[in-house]
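Taking it in order: structure first as structure tokens, then the write-up.
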Amino acid sequence: MLKKMPLRLRLTFLTILLLTICCVGLTLILNLSAFRMVDMIEATSMTPAKSTVEEKIPSPLNDTALSIPTPPSTISQSARKGFRLESIFYMMLIISFGGALTYYISGKALKPVNELSCQMKKRNVLNLSEDIEIPKAKDEISDLTLSFNEMMHKLNEAFLMQQRFSQSAAHELRTPLAVLQTKVEVFKKKKSHTSEEYESLIEVIGNHTNRLIALVKNLLDMTNMEDLELNEEISLKNLVDDVASALSLLSKDKNILINLPSDDRTVLGNYDLLYRAFYNLIENAIKYNNANGQIDISIIFGGEKSVVEISDTGIGIPQDMQQIIFEPFFRVDKSRSRQMGGAGLGLSIVKTIIDKHNGEITVTDNKNGGSCFKIVL
Ligand code: ADP
């Protein structure tokens with residue numbers, strides 16, 4: 001029941017409980033010691049018996065002599081009763097006053113929390129990026145507000161990324177479909193067709209269907225990596241050598257020299273996933289390289305970590321884009337990349353794979369021109 005109460009009521013209830021325990025204890029102790037004192041005083045006053053409790057001799061001159069004095073035990077009985085009642089009354093008063101005061105003070109103390117909660121309730125997708133004003137007092141509430149603002153910034157980033165992703169995905173899917181639709185409509189307008197026209201249409205349909213299949217496959221791959229095991233021992237050198245030999249035809253076409261690593265490191269992970277990541281990186285290093293260019297791949301010992309560097313002498317990536325290059329569908333030169341068959345998903349797949357292996361990937365400028373991808377595993 002206590003857990004269901006609002007914080008203010010809970011604080012008040014607990015304080016009243018504490019006050020009651022203290023006050024009841026204190027009242028009991030006070031009563032006990034007061035009665036013991038009275039008993040002691042009574043006992044002392046009883047000793048010289050006649051001096052204090054002397055019966056007065058009745059005299060017609062003396063009015064008071066008519067009244068029979070109350071025996072000491074009766075006086076003390078009523079005094080004890082009075083004291084007991086009074087102490088209980090003050091105890092109740094203190095508890096009620098303490099409870100009311102706690103309710104008032106906790107209301108004041110919790111006011112910033114209530115205000116913060118009101119502000120939080122007003123957040124929605126339209127004002128995710130707006131900050132809540134940080135209270136001047138440097139207390140827990142200002143810390144909480146700061147953390148909330150930071151969380152909202154991250155959420156906003158994720159939300160914008162998601163938005164860009166859906167827009168780009170829709171665009172990428174719509175483009176080939178629109179081309180196909182136009183081609184078919186133009187084709188339908190003519191009654192008879194030559195065999196070349198049929199062949200051209202089939203070729204266009206084939207190309208765009210392949211493009212769509214590749215796109216959907218990449219999108220699915222990005223989301224279907226969850227339940228893969230990451231416990232294979234993988235020699236990074238063997239992995240890079242395998243990828244380079246699979247891409248040898250492509251590199252020979254552009255006469256690109258690939259310098260393979262001489263050192264080796266073993267990492268734990270999923271071979272197929274890492275193969276895919278390094279395939280994309282080395283394929284890009286060839287695709288975006290100049291003819292007769294060069295690719296240097298090295299494996300470096302970084303303490304507990306293994307570092308693979310892939311640097312090329314290609315067109316490079318502008319510095320202001322080096323952060324966002326891993327976002328899905330991002331391409332530096334859209335038309336050029338599309339001509340090469342890319343949809344801008346390669347690097348985001350690489351990043352998803354490296355993240356899944358608790359690694360890190362960054363890109364910088366290569367000293368000899370081009371770009372340098374650094375993968376820490
Ligand atoms: P794509 O399928 O278009 O190649 P990626 O995700 O692999 O998609 O790459 C995204 C973009 O990053 C590319 O369009 C290209 O502009 C740029 N890029 C990737 N790798 C390199 C590289 N080694 N050199 C220069 N630009 C690169």
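As shown in the structure tokens, the chain order sets the letters A, B, ...; within each chain, residues go from 1, and ligands are also counted from 1 in the order they appear.
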For this session: Identify, counting only C-alpha atoms and all ligand atoms, the protein, DNA and RNA residues located within 7 Å of ligand 1, and give them as a VMD selection string.
Result: chain A and resid 280 to 281 284 to 285 288 to 289 312 314 to 317 325 to 326 328 to 334 337 to 338 341 to 348 370 to 371
Problem set entry | Selection: 10 Å around A:Ile88, only C-alpha atoms, excl. self and same-chain fewer than 6 positions, as a list in words |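 Selected residues are Cys23, Val24, Thr27, Leu28, Asn31, Gly82 and Ile94 of chain A.
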Write a file of the selected residues as a PDB file, in the first residue's frame, keeping N, CA and C atoms.
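Result written to out_21.pdb:
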```pdb
ATOM      1  N   CYS A  23       7.090   9.700  20.335  1.00  0.00           N
ATOM      2  CA  CYS A  23       6.257  10.372  21.331  1.00  0.00           C
ATOM      3  C   CYS A  23       5.667   9.381  22.327  1.00  0.00           C
ATOM      4  N   VAL A  24       5.193   8.221  21.808  1.00  0.00           N
ATOM      5  CA  VAL A  24       4.616   7.224  22.724  1.00  0.00           C
ATOM      6  C   VAL A  24       5.696   6.753  23.687  1.00  0.00           C
ATOM      7  N   THR A  27       6.438   9.551  26.176  1.00  0.00           N
ATOM      8  CA  THR A  27       5.341   9.734  27.138  1.00  0.00           C
ATOM      9  C   THR A  27       5.348   8.611  28.174  1.00  0.00           C
ATOM     10  N   LEU A  28       5.572   7.391  27.692  1.00  0.00           N
ATOM     11  CA  LEU A  28       5.610   6.257  28.621  1.00  0.00           C
ATOM     12  C   LEU A  28       6.722   6.439  29.654  1.00  0.00           C
ATOM     13  N   ASN A  31       5.862   9.253  32.038  1.00  0.00           N
ATOM     14  CA  ASN A  31       4.841   8.830  33.004  1.00  0.00           C
ATOM     15  C   ASN A  31       5.435   7.918  34.062  1.00  0.00           C
ATOM     16  N   GLY A  82      -4.351  13.325  35.916  1.00  0.00           N
ATOM     17  CA  GLY A  82      -4.220  14.603  35.182  1.00  0.00           C
ATOM     18  C   GLY A  82      -2.960  14.621  34.345  1.00  0.00           C
ATOM     19  N   ILE A  94       1.572  17.036  19.348  1.00  0.00           N
ATOM     20  CA  ILE A  94       2.881  17.047  18.667  1.00  0.00           C
ATOM     21  C   ILE A  94       2.821  16.194  17.399  1.00  0.00           C
TER      22      ILE A  94
END
```
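Using only C-alpha atoms, the residues found no farther than 7 Å from stretch 249-255 of chain A, other than those of its own chain fewer than 5 positions away, are Ile286, Ala291 and Asn292 of chain A.
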For this session: From the DSSP assignment of the backbone, select every residue of stretch 52-212 of chain A that is helix (DSSP H, G or I), and format the answer as a ChimeraX atom specification.
Result: /A:52,64-66,72-109,111-121,140-189,195-212
Problem set entry | Non-local contacts of A:Ile354 (9 Å; only C-alpha atoms; under 4 positions in same chain excluded) as a list in words |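 In the requested form, the answer reads Leu273, Leu274, Ala277, Ile349, Val350, Asn358, Gly359, Glu360, Ile361, Ile375, Val376 and Leu377 of chain A.
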Selection to disk with all heavy atoms, as a PDB file, in the first residue's frame:
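The result, stored in part.pdb:
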```
ATOM      1  N   LEU A 273      30.130 -12.836 -40.566  1.00  0.00           N
ATOM      2  CA  LEU A 273      29.834 -11.404 -40.394  1.00  0.00           C
ATOM      3  C   LEU A 273      31.081 -10.551 -40.623  1.00  0.00           C
ATOM      4  O   LEU A 273      31.039  -9.551 -41.340  1.00  0.00           O
ATOM      5  CB  LEU A 273      29.297 -11.131 -38.982  1.00  0.00           C
ATOM      6  CG  LEU A 273      27.867 -11.567 -38.670  1.00  0.00           C
ATOM      7  CD1 LEU A 273      27.482 -11.118 -37.276  1.00  0.00           C
ATOM      8  CD2 LEU A 273      26.897 -10.982 -39.684  1.00  0.00           C
ATOM      9  N   LEU A 274      32.211 -10.979 -40.002  1.00  0.00           N
ATOM     10  CA  LEU A 274      33.440 -10.187 -40.164  1.00  0.00           C
ATOM     11  C   LEU A 274      33.919 -10.224 -41.612  1.00  0.00           C
ATOM     12  O   LEU A 274      34.432  -9.229 -42.140  1.00  0.00           O
ATOM     13  CB  LEU A 274      34.525 -10.684 -39.210  1.00  0.00           C
ATOM     14  CG  LEU A 274      34.310 -10.297 -37.744  1.00  0.00           C
ATOM     15  CD1 LEU A 274      35.422 -10.848 -36.873  1.00  0.00           C
ATOM     16  CD2 LEU A 274      34.217  -8.786 -37.569  1.00  0.00           C
ATOM     17  N   ALA A 277      31.975  -7.646 -43.368  1.00  0.00           N
ATOM     18  CA  ALA A 277      32.404  -6.281 -43.027  1.00  0.00           C
ATOM     19  C   ALA A 277      33.685  -5.929 -43.783  1.00  0.00           C
ATOM     20  O   ALA A 277      33.774  -4.870 -44.431  1.00  0.00           O
ATOM     21  CB  ALA A 277      32.628  -6.168 -41.522  1.00  0.00           C
ATOM     22  N   ILE A 349      26.137  -1.440 -42.711  1.00  0.00           N
ATOM     23  CA  ILE A 349      26.188  -2.873 -42.370  1.00  0.00           C
ATOM     24  C   ILE A 349      27.514  -3.165 -41.649  1.00  0.00           C
ATOM     25  O   ILE A 349      27.548  -3.856 -40.636  1.00  0.00           O
ATOM     26  CB  ILE A 349      26.031  -3.751 -43.640  1.00  0.00           C
ATOM     27  CG1 ILE A 349      24.601  -3.592 -44.184  1.00  0.00           C
ATOM     28  CG2 ILE A 349      26.349  -5.206 -43.352  1.00  0.00           C
ATOM     29  CD1 ILE A 349      24.318  -4.333 -45.466  1.00  0.00           C
ATOM     30  N   VAL A 350      28.605  -2.556 -42.168  1.00  0.00           N
ATOM     31  CA  VAL A 350      29.918  -2.751 -41.534  1.00  0.00           C
ATOM     32  C   VAL A 350      29.843  -2.294 -40.071  1.00  0.00           C
ATOM     33  O   VAL A 350      30.260  -3.008 -39.155  1.00  0.00           O
ATOM     34  CB  VAL A 350      31.008  -1.946 -42.280  1.00  0.00           C
ATOM     35  CG1 VAL A 350      32.323  -1.985 -41.524  1.00  0.00           C
ATOM     36  CG2 VAL A 350      31.195  -2.484 -43.688  1.00  0.00           C
ATOM     37  N   ASN A 358      31.371  -5.617 -30.354  1.00  0.00           N
ATOM     38  CA  ASN A 358      31.858  -4.660 -29.338  1.00  0.00           C
ATOM     39  C   ASN A 358      33.089  -3.908 -29.801  1.00  0.00           C
ATOM     40  O   ASN A 358      33.956  -3.558 -29.002  1.00  0.00           O
ATOM     41  CB  ASN A 358      32.184  -5.357 -28.008  1.00  0.00           C
ATOM     42  CG  ASN A 358      30.936  -5.837 -27.341  1.00  0.00           C
ATOM     43  OD1 ASN A 358      29.900  -5.172 -27.428  1.00  0.00           O
ATOM     44  ND2 ASN A 358      31.018  -6.991 -26.721  1.00  0.00           N
ATOM     45  N   GLY A 359      33.197  -3.713 -31.098  1.00  0.00           N
ATOM     46  CA  GLY A 359      34.344  -3.003 -31.645  1.00  0.00           C
ATOM     47  C   GLY A 359      33.986  -1.577 -32.006  1.00  0.00           C
ATOM     48  O   GLY A 359      32.913  -1.082 -31.669  1.00  0.00           O
ATOM     49  N   GLU A 360      34.935  -0.942 -32.684  1.00  0.00           N
ATOM     50  CA  GLU A 360      34.748   0.466 -33.063  1.00  0.00           C
ATOM     51  C   GLU A 360      35.296   0.677 -34.449  1.00  0.00           C
ATOM     52  O   GLU A 360      36.312   0.074 -34.810  1.00  0.00           O
ATOM     53  CB  GLU A 360      35.577   1.319 -32.101  1.00  0.00           C
ATOM     54  CG  GLU A 360      34.749   2.301 -31.296  1.00  0.00           C
ATOM     55  CD  GLU A 360      35.652   3.072 -30.372  1.00  0.00           C
ATOM     56  OE1 GLU A 360      36.302   4.015 -30.857  1.00  0.00           O
ATOM     57  OE2 GLU A 360      35.733   2.692 -29.191  1.00  0.00           O
ATOM     58  N   ILE A 361      34.644   1.513 -35.216  1.00  0.00           N
ATOM     59  CA  ILE A 361      35.181   1.823 -36.547  1.00  0.00           C
ATOM     60  C   ILE A 361      35.181   3.331 -36.744  1.00  0.00           C
ATOM     61  O   ILE A 361      34.213   4.008 -36.397  1.00  0.00           O
ATOM     62  CB  ILE A 361      34.397   1.085 -37.671  1.00  0.00           C
ATOM     63  CG1 ILE A 361      34.984   1.458 -39.041  1.00  0.00           C
ATOM     64  CG2 ILE A 361      32.910   1.378 -37.650  1.00  0.00           C
ATOM     65  CD1 ILE A 361      34.599   0.549 -40.164  1.00  0.00           C
ATOM     66  N   ILE A 375      39.650  -0.178 -37.641  1.00  0.00           N
ATOM     67  CA  ILE A 375      38.680  -1.043 -36.952  1.00  0.00           C
ATOM     68  C   ILE A 375      39.358  -1.596 -35.699  1.00  0.00           C
ATOM     69  O   ILE A 375      40.405  -2.233 -35.781  1.00  0.00           O
ATOM     70  CB  ILE A 375      38.251  -2.226 -37.864  1.00  0.00           C
ATOM     71  CG1 ILE A 375      37.655  -1.684 -39.149  1.00  0.00           C
ATOM     72  CG2 ILE A 375      37.250  -3.136 -37.176  1.00  0.00           C
ATOM     73  CD1 ILE A 375      38.577  -1.782 -40.308  1.00  0.00           C
ATOM     74  N   VAL A 376      38.778  -1.309 -34.547  1.00  0.00           N
ATOM     75  CA  VAL A 376      39.317  -1.819 -33.280  1.00  0.00           C
ATOM     76  C   VAL A 376      38.404  -2.939 -32.807  1.00  0.00           C
ATOM     77  O   VAL A 376      37.210  -2.754 -32.657  1.00  0.00           O
ATOM     78  CB  VAL A 376      39.381  -0.693 -32.231  1.00  0.00           C
ATOM     79  CG1 VAL A 376      39.992  -1.198 -30.934  1.00  0.00           C
ATOM     80  CG2 VAL A 376      40.168   0.490 -32.754  1.00  0.00           C
ATOM     81  N   LEU A 377      39.009  -4.121 -32.593  1.00  0.00           N
ATOM     82  CA  LEU A 377      38.189  -5.274 -32.169  1.00  0.00           C
ATOM     83  C   LEU A 377      38.666  -5.795 -30.833  1.00  0.00           C
ATOM     84  O   LEU A 377      39.868  -5.821 -30.571  1.00  0.00           O
ATOM     85  CB  LEU A 377      38.268  -6.393 -33.199  1.00  0.00           C
ATOM     86  CG  LEU A 377      37.479  -6.155 -34.499  1.00  0.00           C
ATOM     87  CD1 LEU A 377      37.891  -7.159 -35.533  1.00  0.00           C
ATOM     88  CD2 LEU A 377      35.985  -6.230 -34.259  1.00  0.00           C
TER      89      LEU A 377
END
```
For this session: Fewer than 2 positions away in the same chain doesn't count, so skip those; otherwise give me all residues within 12 Å of A:Phe83, counting only C-alpha atoms, as a list in words.
Result: Thr27, Leu28, Leu30, Asn31, Leu32, Ser33, Ala34, Phe35, Val38, Ser76, Gln77, Ser78, Ala79, Arg80, Lys81, Leu85, Glu86, Ser87, Ile88, Phe89, Tyr90 and Met91 of chain A
Problem set entry | Shortest interatomic distance to A:Lys287 - which of A:Met222, A:Ile202, A:Leu247, A:Val267, counting only C-alpha atoms | A:Leu247
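Residue nearest A:Arg276 within the list A:Asp242, A:Glu229, A:Asp264, A:Asp365: A:Asp242 [criterion: smallest interatomic distance, only C-alpha atoms].
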With the cut-off set at 12 Å and counting only C-alpha atoms, tabulate each residue of stretch 220-327 of chain A with an atom at most that distance from an atom of stretch 155-172 of chain A, showing the nearest atom pair and its distance in Å to one decimal, ordered by chain and increasing number, as JSON lines.
```
{"residue": "A:Leu220", "atom": "CA", "partner": "A:Ala169", "partner_atom": "CA", "distance": 12.0}
{"residue": "A:Ile324", "atom": "CA", "partner": "A:Met161", "partner_atom": "CA", "distance": 10.3}
{"residue": "A:Phe326", "atom": "CA", "partner": "A:Met161", "partner_atom": "CA", "distance": 11.3}
{"residue": "A:Glu327", "atom": "CA", "partner": "A:Met161", "partner_atom": "CA", "distance": 7.8}
```
